[in-house]
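Peer 1: Contents are mmCIF, C-alpha atoms; file name data-v8.cif:
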data_structure
loop_
_atom_site.label_atom_id
_atom_site.label_comp_id
_atom_site.auth_asym_id
_atom_site.auth_seq_id
_atom_site.Cartn_x
_atom_site.Cartn_y
_atom_site.Cartn_z
CA MET A 4 -29.28 -5.93 10.00
CA SER A 5 -26.48 -8.43 10.43
CA VAL A 6 -22.83 -7.85 9.53
CA LYS A 7 -20.83 -10.46 7.63
CA ARG A 8 -17.05 -10.52 8.12
CA LEU A 9 -14.26 -12.07 6.04
CA HIS A 10 -10.73 -13.01 7.12
CA ILE A 11 -11.57 -12.65 10.81
CA GLY A 12 -8.53 -12.32 13.08
CA PRO A 13 -8.12 -11.83 16.83
CA ARG A 14 -7.38 -8.09 16.40
CA LEU A 15 -9.34 -7.15 13.30
CA SER A 16 -11.15 -8.50 10.27
CA GLN A 17 -10.04 -7.63 6.77
CA VAL A 18 -13.58 -7.07 5.48
CA ALA A 19 -17.05 -6.29 6.85
CA ILE A 20 -20.20 -6.41 4.72
CA HIS A 21 -23.27 -4.50 5.85
CA GLY A 22 -26.20 -4.70 3.45
CA ASP A 23 -24.91 -3.42 0.13
CA THR A 24 -21.79 -1.75 1.54
CA VAL A 25 -18.34 -3.35 1.94
CA TYR A 26 -15.67 -1.95 4.26
CA THR A 27 -12.05 -3.13 4.24
CA ALA A 28 -9.38 -2.73 6.87
CA GLY A 29 -6.33 -0.64 6.09
CA ILE A 30 -4.46 -3.07 3.82
CA VAL A 31 -0.66 -3.36 3.79
CA ALA A 32 1.79 -5.40 1.72
CA ASP A 33 2.92 -8.89 2.71
CA ASP A 34 6.36 -8.53 1.12
CA THR A 35 7.80 -5.25 2.36
CA ASN A 36 11.21 -5.75 0.71
CA VAL A 37 10.07 -3.71 -2.26
CA ASP A 38 9.53 -0.03 -3.01
CA VAL A 39 6.28 1.88 -2.72
CA ALA A 40 5.16 0.86 -6.21
CA GLY A 41 5.69 -2.78 -5.38
CA GLN A 42 3.83 -2.48 -2.08
CA THR A 43 0.97 -0.59 -3.77
CA GLY A 44 0.63 -3.35 -6.36
CA GLN A 45 0.40 -6.02 -3.67
CA ILE A 46 -2.20 -4.02 -1.77
CA LEU A 47 -4.38 -3.41 -4.82
CA ASP A 48 -4.21 -7.12 -5.66
CA LYS A 49 -5.46 -7.90 -2.16
CA ILE A 50 -8.23 -5.34 -2.48
CA ASP A 51 -9.31 -6.90 -5.79
CA GLN A 52 -9.43 -10.28 -4.05
CA TYR A 53 -11.33 -9.02 -1.00
CA LEU A 54 -13.87 -7.19 -3.13
CA LYS A 55 -14.37 -10.33 -5.24
CA GLU A 56 -14.97 -12.39 -2.10
CA ALA A 57 -17.50 -9.76 -1.00
CA GLY A 58 -19.35 -9.97 -4.31
CA THR A 59 -18.18 -6.74 -5.88
CA ASP A 60 -15.20 -5.21 -7.69
CA LYS A 61 -13.14 -2.04 -8.10
CA THR A 62 -15.70 -0.36 -10.37
CA LYS A 63 -17.95 -0.02 -7.28
CA ILE A 64 -15.51 1.70 -4.86
CA VAL A 65 -17.05 4.80 -3.27
CA SER A 66 -14.26 5.90 -0.91
CA THR A 67 -10.52 5.33 -0.67
CA THR A 68 -8.01 6.42 1.96
CA ILE A 69 -4.31 6.14 1.16
CA TRP A 70 -1.74 6.68 3.88
CA LEU A 71 1.86 7.09 2.75
CA ALA A 72 4.60 6.81 5.36
CA ASP A 73 6.49 9.44 3.32
CA ILE A 74 4.52 11.77 1.07
CA LYS A 75 7.55 11.82 -1.25
CA ASP A 76 6.25 8.43 -2.41
CA PHE A 77 3.15 10.12 -3.87
CA ALA A 78 4.30 9.74 -7.48
CA GLY A 79 5.53 6.18 -6.99
CA MET A 80 2.20 5.10 -5.49
CA ASN A 81 0.26 6.88 -8.23
CA SER A 82 2.27 5.16 -10.97
CA VAL A 83 0.52 1.92 -9.92
CA TRP A 84 -2.82 3.45 -8.82
CA ASP A 85 -3.35 5.25 -12.13
CA GLN A 86 -3.03 1.98 -14.05
CA TRP A 87 -5.34 0.13 -11.66
CA VAL A 88 -8.35 2.43 -11.40
CA PRO A 89 -11.14 1.73 -13.89
CA LYS A 90 -11.61 4.51 -16.46
CA GLY A 91 -14.93 6.25 -15.90
CA ASN A 92 -15.33 4.68 -12.45
CA THR A 93 -12.44 6.22 -10.54
CA PRO A 94 -13.29 6.43 -6.82
CA PRO A 95 -13.22 9.42 -4.48
CA ARG A 96 -9.82 9.37 -2.78
CA ALA A 97 -7.82 11.06 -0.05
CA CYS A 98 -4.04 10.53 0.17
CA VAL A 99 -2.10 11.84 3.17
CA GLU A 100 1.12 11.18 5.09
CA SER A 101 1.09 9.17 8.31
CA LYS A 102 3.64 6.88 9.84
CA LEU A 103 2.35 3.31 9.76
CA ALA A 104 2.42 0.40 12.22
CA THR A 105 5.97 -0.57 11.31
CA PRO A 106 8.63 1.34 9.33
CA ALA A 107 8.64 -1.46 6.74
CA TYR A 108 5.22 -0.38 5.53
CA LYS A 109 5.43 2.41 2.96
CA VAL A 110 1.72 2.58 2.13
CA GLU A 111 -1.64 1.47 3.55
CA ILE A 112 -4.95 1.61 1.64
CA ARG A 113 -8.57 1.26 2.81
CA VAL A 114 -11.69 1.25 0.67
CA ILE A 115 -15.46 1.34 1.00
CA ALA A 116 -17.36 -0.21 -1.91
CA ALA A 117 -20.93 -0.79 -3.01
CA ARG A 118 -22.03 -4.32 -3.85
CA MET B 12 -26.94 -1.29 -6.66
CA SER B 13 -25.24 1.11 -9.05
CA VAL B 14 -22.87 3.91 -8.10
CA LYS B 15 -23.18 7.38 -9.61
CA ARG B 16 -20.05 9.53 -9.83
CA LEU B 17 -19.59 13.28 -10.29
CA HIS B 18 -16.53 15.16 -11.54
CA ILE B 19 -14.86 12.00 -12.81
CA GLY B 20 -11.13 12.34 -13.43
CA PRO B 21 -8.45 9.89 -14.58
CA ARG B 22 -7.14 9.42 -11.02
CA LEU B 23 -10.22 9.95 -8.86
CA SER B 24 -13.77 11.25 -8.82
CA GLN B 25 -14.78 14.08 -6.53
CA VAL B 26 -18.08 12.47 -5.53
CA ALA B 27 -19.67 9.01 -5.45
CA ILE B 28 -23.36 8.44 -4.70
CA HIS B 29 -24.51 5.03 -3.49
CA GLY B 30 -28.20 4.82 -2.70
CA ASP B 31 -28.86 7.50 -0.11
CA THR B 32 -25.21 8.02 0.85
CA VAL B 33 -22.79 10.54 -0.72
CA TYR B 34 -19.01 10.23 -0.40
CA THR B 35 -16.59 13.01 -1.40
CA ALA B 36 -12.89 12.83 -2.14
CA GLY B 37 -10.49 14.68 0.14
CA ILE B 38 -11.09 18.24 -1.06
CA VAL B 39 -8.31 20.85 -1.25
CA ALA B 40 -8.23 24.53 -2.18
CA ASP B 41 -7.72 25.76 -5.75
CA ASP B 42 -5.97 28.97 -4.68
CA THR B 43 -3.27 27.98 -2.24
CA ASN B 44 -1.81 31.50 -1.94
CA VAL B 45 -3.91 32.10 1.17
CA ASP B 46 -3.77 31.05 4.81
CA VAL B 47 -5.56 28.09 6.36
CA ALA B 48 -8.77 30.07 6.92
CA GLY B 49 -8.83 31.04 3.25
CA GLN B 50 -8.19 27.50 2.11
CA THR B 51 -10.85 26.15 4.49
CA GLY B 52 -13.40 28.59 3.08
CA GLN B 53 -12.68 27.50 -0.48
CA ILE B 54 -12.97 23.84 0.48
CA LEU B 55 -16.27 24.28 2.31
CA ASP B 56 -17.65 26.19 -0.69
CA LYS B 57 -16.71 23.26 -2.91
CA ILE B 58 -18.32 20.81 -0.49
CA ASP B 59 -21.53 22.87 -0.52
CA GLN B 60 -21.48 22.73 -4.32
CA TYR B 61 -20.75 19.00 -4.51
CA LEU B 62 -23.46 18.18 -1.98
CA LYS B 63 -25.95 20.31 -3.92
CA GLU B 64 -25.07 18.47 -7.13
CA ALA B 65 -25.63 15.20 -5.26
CA GLY B 66 -29.06 16.31 -4.08
CA THR B 67 -28.24 17.08 -0.46
CA ASP B 68 -26.65 19.77 1.75
CA LYS B 69 -24.49 20.34 4.81
CA THR B 70 -27.33 19.63 7.27
CA LYS B 71 -27.10 15.97 6.23
CA ILE B 72 -23.37 15.35 6.78
CA VAL B 73 -22.74 12.24 8.88
CA SER B 74 -18.93 12.09 8.92
CA THR B 75 -16.10 14.56 8.36
CA THR B 76 -12.35 14.06 8.27
CA ILE B 77 -10.11 17.12 8.40
CA TRP B 78 -6.40 16.78 7.77
CA LEU B 79 -4.22 19.76 8.68
CA ALA B 80 -0.67 19.88 7.35
CA ASP B 81 0.23 21.62 10.63
CA ILE B 82 -1.96 21.09 13.69
CA LYS B 83 -1.04 24.63 14.76
CA ASP B 84 -3.63 25.70 12.17
CA PHE B 85 -6.40 24.11 14.27
CA ALA B 86 -7.79 27.45 15.47
CA GLY B 87 -7.52 29.07 12.05
CA MET B 88 -9.43 26.25 10.39
CA ASN B 89 -12.06 26.25 13.14
CA SER B 90 -12.65 29.99 12.76
CA VAL B 91 -14.20 29.20 9.39
CA TRP B 92 -15.65 25.78 10.23
CA ASP B 93 -17.55 27.09 13.28
CA GLN B 94 -19.34 29.67 11.12
CA TRP B 95 -20.15 27.17 8.41
CA VAL B 96 -21.65 24.25 10.34
CA PRO B 97 -25.44 24.35 10.73
CA LYS B 98 -26.56 24.88 14.33
CA GLY B 99 -28.28 21.74 15.60
CA ASN B 100 -26.95 19.66 12.71
CA THR B 101 -23.21 19.72 13.34
CA PRO B 102 -21.57 16.58 11.94
CA PRO B 103 -19.32 14.05 13.65
CA ARG B 104 -15.76 15.13 12.93
CA ALA B 105 -12.16 14.02 13.32
CA CYS B 106 -9.32 16.51 12.80
CA VAL B 107 -5.70 15.32 12.75
CA GLU B 108 -2.31 16.34 11.38
CA SER B 109 -0.93 14.79 8.20
CA LYS B 110 1.30 16.17 5.50
CA LEU B 111 -0.68 16.55 2.28
CA ALA B 112 0.05 15.89 -1.39
CA THR B 113 1.94 19.15 -1.82
CA PRO B 114 3.28 21.61 0.79
CA ALA B 115 0.99 24.30 -0.65
CA TYR B 116 -2.05 22.53 0.79
CA LYS B 117 -2.66 23.49 4.42
CA VAL B 118 -5.91 21.58 4.85
CA GLU B 119 -7.91 18.79 3.21
CA ILE B 120 -11.50 17.86 4.09
CA ARG B 121 -13.64 14.82 3.23
CA VAL B 122 -17.28 14.24 4.09
CA ILE B 123 -19.91 11.51 3.97
CA ALA B 124 -23.50 12.76 3.77
CA ALA B 125 -27.01 11.37 3.68
CA ARG B 126 -29.30 12.39 0.82
CA MET C 4 -33.84 10.07 4.67
CA SER C 5 -33.36 12.03 7.88
CA VAL C 6 -30.25 12.00 10.05
CA LYS C 7 -30.47 11.69 13.84
CA ARG C 8 -27.66 13.17 15.92
CA LEU C 9 -26.57 12.54 19.52
CA HIS C 10 -24.51 14.80 21.80
CA ILE C 11 -24.84 17.77 19.49
CA GLY C 12 -22.30 20.54 20.12
CA PRO C 13 -21.62 23.88 18.43
CA ARG C 14 -18.63 22.45 16.52
CA LEU C 15 -19.53 18.81 16.03
CA SER C 16 -21.83 16.02 17.15
CA GLN C 17 -20.47 12.87 18.72
CA VAL C 18 -22.81 10.56 16.77
CA ALA C 19 -24.89 10.61 13.59
CA ILE C 20 -27.38 7.89 12.70
CA HIS C 21 -28.45 7.44 9.08
CA GLY C 22 -30.82 4.54 8.50
CA ASP C 23 -29.06 1.47 9.83
CA THR C 24 -25.58 3.03 9.94
CA VAL C 25 -24.02 4.84 12.91
CA TYR C 26 -21.05 7.21 12.56
CA THR C 27 -19.08 8.55 15.53
CA ALA C 28 -16.76 11.52 15.74
CA GLY C 29 -13.10 10.95 16.47
CA ILE C 30 -13.30 10.18 20.20
CA VAL C 31 -10.61 11.27 22.67
CA ALA C 32 -10.13 10.73 26.41
CA ASP C 33 -11.54 13.10 29.05
CA ASP C 34 -8.73 12.46 31.52
CA THR C 35 -5.48 12.88 29.62
CA ASN C 36 -3.25 12.45 32.70
CA VAL C 37 -2.82 8.78 31.89
CA ASP C 38 -0.83 6.74 29.38
CA VAL C 39 -2.05 5.51 26.03
CA ALA C 40 -3.61 2.39 27.53
CA GLY C 41 -5.60 4.50 29.98
CA GLN C 42 -6.74 6.88 27.26
CA THR C 43 -7.69 3.96 24.99
CA GLY C 44 -9.80 2.44 27.76
CA GLN C 45 -11.68 5.70 28.30
CA ILE C 46 -12.31 6.06 24.57
CA LEU C 47 -13.59 2.50 24.15
CA ASP C 48 -15.91 3.01 27.14
CA LYS C 49 -17.31 6.11 25.43
CA ILE C 50 -17.74 4.22 22.17
CA ASP C 51 -19.63 1.45 24.00
CA GLN C 52 -21.90 4.10 25.50
CA TYR C 53 -22.46 5.95 22.20
CA LEU C 54 -23.22 2.73 20.36
CA LYS C 55 -25.69 1.73 23.07
CA GLU C 56 -27.44 5.08 22.79
CA ALA C 57 -27.62 4.54 19.03
CA GLY C 58 -29.21 1.12 19.47
CA THR C 59 -26.23 -1.06 18.64
CA ASP C 60 -22.99 -2.41 20.14
CA LYS C 61 -19.38 -3.27 19.39
CA THR C 62 -20.25 -6.57 17.69
CA LYS C 63 -21.66 -4.49 14.81
CA ILE C 64 -18.68 -2.22 14.07
CA VAL C 65 -17.79 -2.22 10.36
CA SER C 66 -14.92 0.30 10.26
CA THR C 67 -12.45 1.72 12.78
CA THR C 68 -9.81 4.40 12.43
CA ILE C 69 -7.22 4.76 15.17
CA TRP C 70 -4.88 7.74 15.18
CA LEU C 71 -1.89 7.55 17.52
CA ALA C 72 0.04 10.74 18.24
CA ASP C 73 3.13 8.52 18.44
CA ILE C 74 3.16 5.18 16.64
CA LYS C 75 5.44 3.89 19.40
CA ASP C 76 2.23 3.61 21.43
CA PHE C 77 0.95 0.89 19.05
CA ALA C 78 1.53 -1.94 21.53
CA GLY C 79 0.12 0.03 24.47
CA MET C 80 -3.07 0.84 22.59
CA ASN C 81 -3.41 -2.75 21.37
CA SER C 82 -3.07 -4.11 24.91
CA VAL C 83 -6.48 -2.58 25.62
CA TRP C 84 -7.98 -2.98 22.14
CA ASP C 85 -7.25 -6.71 22.00
CA GLN C 86 -9.19 -7.28 25.24
CA TRP C 87 -12.11 -5.12 24.10
CA VAL C 88 -12.87 -6.46 20.62
CA PRO C 89 -15.48 -9.24 20.48
CA LYS C 90 -14.05 -12.60 19.42
CA GLY C 91 -15.43 -13.55 15.99
CA ASN C 92 -16.69 -10.04 15.36
CA THR C 93 -13.48 -8.04 15.23
CA PRO C 94 -13.92 -4.96 12.99
CA PRO C 95 -11.87 -3.81 10.01
CA ARG C 96 -9.33 -1.34 11.35
CA ALA C 97 -6.66 1.11 10.24
CA CYS C 98 -4.16 2.49 12.75
CA VAL C 99 -1.77 5.29 11.75
CA GLU C 100 0.25 8.10 13.31
CA SER C 101 -1.04 11.68 13.29
CA LYS C 102 -0.59 14.52 15.72
CA LEU C 103 -3.90 15.29 17.41
CA ALA C 104 -5.72 18.49 18.39
CA THR C 105 -3.67 18.93 21.55
CA PRO C 106 -0.44 17.22 22.66
CA ALA C 107 -2.31 15.81 25.68
CA TYR C 108 -4.21 13.43 23.43
CA LYS C 109 -2.25 10.24 22.75
CA VAL C 110 -4.96 8.45 20.78
CA GLU C 111 -8.21 9.19 18.92
CA ILE C 112 -10.65 6.53 17.66
CA ARG C 113 -13.58 6.72 15.24
CA VAL C 114 -15.99 3.96 14.29
CA ILE C 115 -18.78 3.21 11.83
CA ALA C 116 -21.27 0.59 13.00
CA ALA C 117 -24.37 -1.18 11.73
CA ARG C 118 -27.52 -1.06 13.84
#
The structure in this file should be written as structure tokens.
Peer 2:
Amino acid sequence: MSVKRLHIGPRLSQVAIHGDTVYTAGIVADDTNVDVAGQTGQILDKIDQYLKEAGTDKTKIVSTTIWLADIKDFAGMNSVWDQWVPKGNTPPRACVESKLATPAYKVEIRVIAAR
Amino acid sequence: MSVKRLHIGPRLSQVAIHGDTVYTAGIVADDTNVDVAGQTGQILDKIDQYLKEAGTDKTKIVSTTIWLADIKDFAGMNSVWDQWVPKGNTPPRACVESKLATPAYKVEIRVIAAR
Amino acid sequence: MSVKRLHIGPRLSQVAIHGDTVYTAGIVADDTNVDVAGQTGQILDKIDQYLKEAGTDKTKIVSTTIWLADIKDFAGMNSVWDQWVPKGNTPPRACVESKLATPAYKVEIRVIAAR
């Protein structure tokens, strides 16, 4: 069974596809000069794009991990998440606090999806 | 390949089933007025129930993530975990410290299982 | 669908194999009297060994989680990671800060791989 990768970098790839399962990296925002809601929106846009490139979409997500640099941003992140998730197809999710690679990142999100 | 979901809420679902793989959300205790052992017991009971509803059981778990709000609760959590895991079929596990959605939660557990 | 396990202990197994997917536990170093680069090297050696025993290798990794006890060790961990990952087959990765089971552990790594 071969693995297909998308957006392959020297350190990591953004996406790996194995059979009918799609795994993303932990995704962060490109523009970090915004609050947690703004960063969450950028991340979810990227996830939509990556899932599309992998032949699937957000209605097929089976697992989500959300790391917040400060758990006080829980409500701010959810204000965007709750609008984004598809009604009737909301994914399993865990959301916890962890410092991220740089202090500029307020949130990082990783998903596993069916295709 | 379609995804089946159980306990679907507006923000997340507790379980997603994709083919022969079952993914849970990060599960927390309902009654948080107890110590980490008590919360762990409640969570593992819920996981047993969710796995049963998904057509599998704890002998088929392939991955577990345990987040402790305070790593000092490692022994307390394990006192319940070690009794719960099936001899000969213990799952791969990672256990780390992360603050959780509210300070009342001392532990959160997520599993992936075969079915 | 049966699950095969490797290095089965009373608390956890180091590896579970389900069909063509391999899940490891969170792997830590055996000799913790070294810096984060040394611990990372030991962990990646173990992962190579576990993947080999499971019938696969690092070119097939589809998901990686790296927990650093101190995110300041990001560069030190990467100095070893960047040499280890196979060019053109780098895996999706998330790297965050979490305290680990004992203060001696500076890094813990978990992977999912195709086989």
Peer 1: Which value, in Å to one decimal, gives the distance between CA of Arg113 (chain C) and CA of Asp76 (chain A)?
Peer 2: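 One can read the CA of Arg113 (chain C) to CA of Asp76 (chain A) distance as 26.6 Å.
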Peer 1: What would the list of residues within 8 Å of (-8.1, 10.0, 0.6) (file frame) look like as JSON, numbers by chain, if only C-alpha atoms are what count?
Peer 2: {"A": [66, 67, 68, 69, 70, 95, 96, 97, 98, 99], "B": [36, 37, 121]}
Peer 1: Would you mind listing, as a PyMOL selection string, all residues of chain C that have at least one atom within 12 Å of chain A, where only C-alpha atoms are what counts?
Peer 2: chain C and resi 22-25+58-78+80-102+114-118
Peer 1: In Å, with one decimal, what is the gap from CA of Asp42 (chain B) to CA of Tyr61 (chain B)?
Peer 2: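 Computing the Euclidean distance for CA of Asp42 (chain B) and CA of Tyr61 (chain B) yields 17.8 Å.
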Peer 1: May I have chain A as a compact mmCIF listing (two decimals) with C-alpha atoms, in the coordinates of the input, after a least-squares superposition on chain B that uses all C-alpha atoms paired in order?
Peer 2:
# COMPACT_ATOMS: atom_id res chain seq x y z
CA MET A 4 -26.94 -1.25 -6.64
CA SER A 5 -25.23 1.11 -9.04
CA VAL A 6 -22.86 3.92 -8.08
CA LYS A 7 -23.18 7.38 -9.61
CA ARG A 8 -20.04 9.54 -9.81
CA LEU A 9 -19.59 13.29 -10.29
CA HIS A 10 -16.53 15.18 -11.55
CA ILE A 11 -14.87 12.00 -12.81
CA GLY A 12 -11.12 12.34 -13.43
CA PRO A 13 -8.44 9.89 -14.57
CA ARG A 14 -7.14 9.43 -10.99
CA LEU A 15 -10.22 9.95 -8.85
CA SER A 16 -13.76 11.27 -8.81
CA GLN A 17 -14.77 14.09 -6.52
CA VAL A 18 -18.07 12.47 -5.52
CA ALA A 19 -19.67 9.01 -5.45
CA ILE A 20 -23.35 8.44 -4.70
CA HIS A 21 -24.49 5.03 -3.49
CA GLY A 22 -28.19 4.81 -2.70
CA ASP A 23 -28.85 7.49 -0.11
CA THR A 24 -25.21 8.02 0.85
CA VAL A 25 -22.79 10.54 -0.72
CA TYR A 26 -19.01 10.24 -0.40
CA THR A 27 -16.60 13.01 -1.40
CA ALA A 28 -12.90 12.84 -2.12
CA GLY A 29 -10.50 14.68 0.15
CA ILE A 30 -11.09 18.25 -1.06
CA VAL A 31 -8.32 20.85 -1.25
CA ALA A 32 -8.25 24.53 -2.18
CA ASP A 33 -7.74 25.75 -5.75
CA ASP A 34 -5.99 28.96 -4.70
CA THR A 35 -3.28 27.98 -2.23
CA ASN A 36 -1.82 31.50 -1.93
CA VAL A 37 -3.91 32.10 1.16
CA ASP A 38 -3.78 31.04 4.80
CA VAL A 39 -5.55 28.09 6.36
CA ALA A 40 -8.75 30.07 6.90
CA GLY A 41 -8.83 31.05 3.26
CA GLN A 42 -8.19 27.49 2.10
CA THR A 43 -10.86 26.14 4.49
CA GLY A 44 -13.40 28.60 3.09
CA GLN A 45 -12.68 27.50 -0.48
CA ILE A 46 -12.98 23.84 0.49
CA LEU A 47 -16.28 24.29 2.31
CA ASP A 48 -17.65 26.20 -0.69
CA LYS A 49 -16.72 23.26 -2.91
CA ILE A 50 -18.31 20.82 -0.49
CA ASP A 51 -21.53 22.88 -0.51
CA GLN A 52 -21.48 22.73 -4.31
CA TYR A 53 -20.76 19.00 -4.50
CA LEU A 54 -23.46 18.18 -1.97
CA LYS A 55 -25.94 20.32 -3.93
CA GLU A 56 -25.07 18.47 -7.13
CA ALA A 57 -25.63 15.20 -5.26
CA GLY A 58 -29.06 16.31 -4.07
CA THR A 59 -28.24 17.08 -0.46
CA ASP A 60 -26.66 19.76 1.74
CA LYS A 61 -24.50 20.34 4.81
CA THR A 62 -27.34 19.65 7.26
CA LYS A 63 -27.10 15.97 6.22
CA ILE A 64 -23.35 15.35 6.78
CA VAL A 65 -22.74 12.24 8.89
CA SER A 66 -18.92 12.09 8.93
CA THR A 67 -16.11 14.56 8.36
CA THR A 68 -12.35 14.06 8.27
CA ILE A 69 -10.10 17.11 8.41
CA TRP A 70 -6.39 16.77 7.78
CA LEU A 71 -4.23 19.76 8.68
CA ALA A 72 -0.68 19.86 7.36
CA ASP A 73 0.24 21.62 10.64
CA ILE A 74 -1.97 21.09 13.67
CA LYS A 75 -1.05 24.64 14.75
CA ASP A 76 -3.63 25.70 12.15
CA PHE A 77 -6.40 24.10 14.26
CA ALA A 78 -7.78 27.44 15.46
CA GLY A 79 -7.51 29.08 12.05
CA MET A 80 -9.43 26.24 10.39
CA ASN A 81 -12.05 26.25 13.14
CA SER A 82 -12.63 30.00 12.77
CA VAL A 83 -14.19 29.21 9.37
CA TRP A 84 -15.65 25.77 10.24
CA ASP A 85 -17.55 27.08 13.26
CA GLN A 86 -19.33 29.67 11.13
CA TRP A 87 -20.14 27.15 8.40
CA VAL A 88 -21.65 24.24 10.33
CA PRO A 89 -25.43 24.34 10.71
CA LYS A 90 -26.58 24.87 14.31
CA GLY A 91 -28.29 21.74 15.60
CA ASN A 92 -26.95 19.65 12.71
CA THR A 93 -23.21 19.73 13.33
CA PRO A 94 -21.58 16.57 11.93
CA PRO A 95 -19.33 14.04 13.64
CA ARG A 96 -15.75 15.12 12.93
CA ALA A 97 -12.16 14.02 13.32
CA CYS A 98 -9.31 16.52 12.81
CA VAL A 99 -5.70 15.31 12.75
CA GLU A 100 -2.30 16.33 11.38
CA SER A 101 -0.94 14.78 8.19
CA LYS A 102 1.29 16.17 5.51
CA LEU A 103 -0.69 16.55 2.29
CA ALA A 104 0.05 15.89 -1.39
CA THR A 105 1.93 19.15 -1.83
CA PRO A 106 3.28 21.61 0.78
CA ALA A 107 0.99 24.30 -0.65
CA TYR A 108 -2.03 22.53 0.79
CA LYS A 109 -2.66 23.49 4.41
CA VAL A 110 -5.92 21.57 4.86
CA GLU A 111 -7.91 18.78 3.21
CA ILE A 112 -11.51 17.86 4.10
CA ARG A 113 -13.64 14.82 3.23
CA VAL A 114 -17.28 14.23 4.08
CA ILE A 115 -19.91 11.51 3.97
CA ALA A 116 -23.50 12.76 3.77
CA ALA A 117 -27.01 11.37 3.66
CA ARG A 118 -29.29 12.38 0.81
Peer 1: Under the PyMOL selection byres ((chain A and resi 46) around 9), which residues of this model are included? Write them out as a ChimeraX atom specification.
Peer 2: /A:30-33,41-45,47-51,110-112
Peer 1: Enter the distance from CA of Glu56 (chain A) to CA of Leu54 (chain C), in Å, rounded to one decimal.
Peer 2: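 Between CA of Glu56 (chain A) and CA of Leu54 (chain C) the gap is 28.3 Å.
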Peer 1: Report, as JSON, the centre and edge lengths in Å (one decimal) of the axis-aligned box enclosing every listed atom of region 47-59 of chain A, padded by 3 Å on each side.
Peer 2:
{"center_x": -11.8, "center_y": -7.9, "center_z": -3.4, "size_x": 21.1, "size_y": 15.0, "size_z": 10.9}
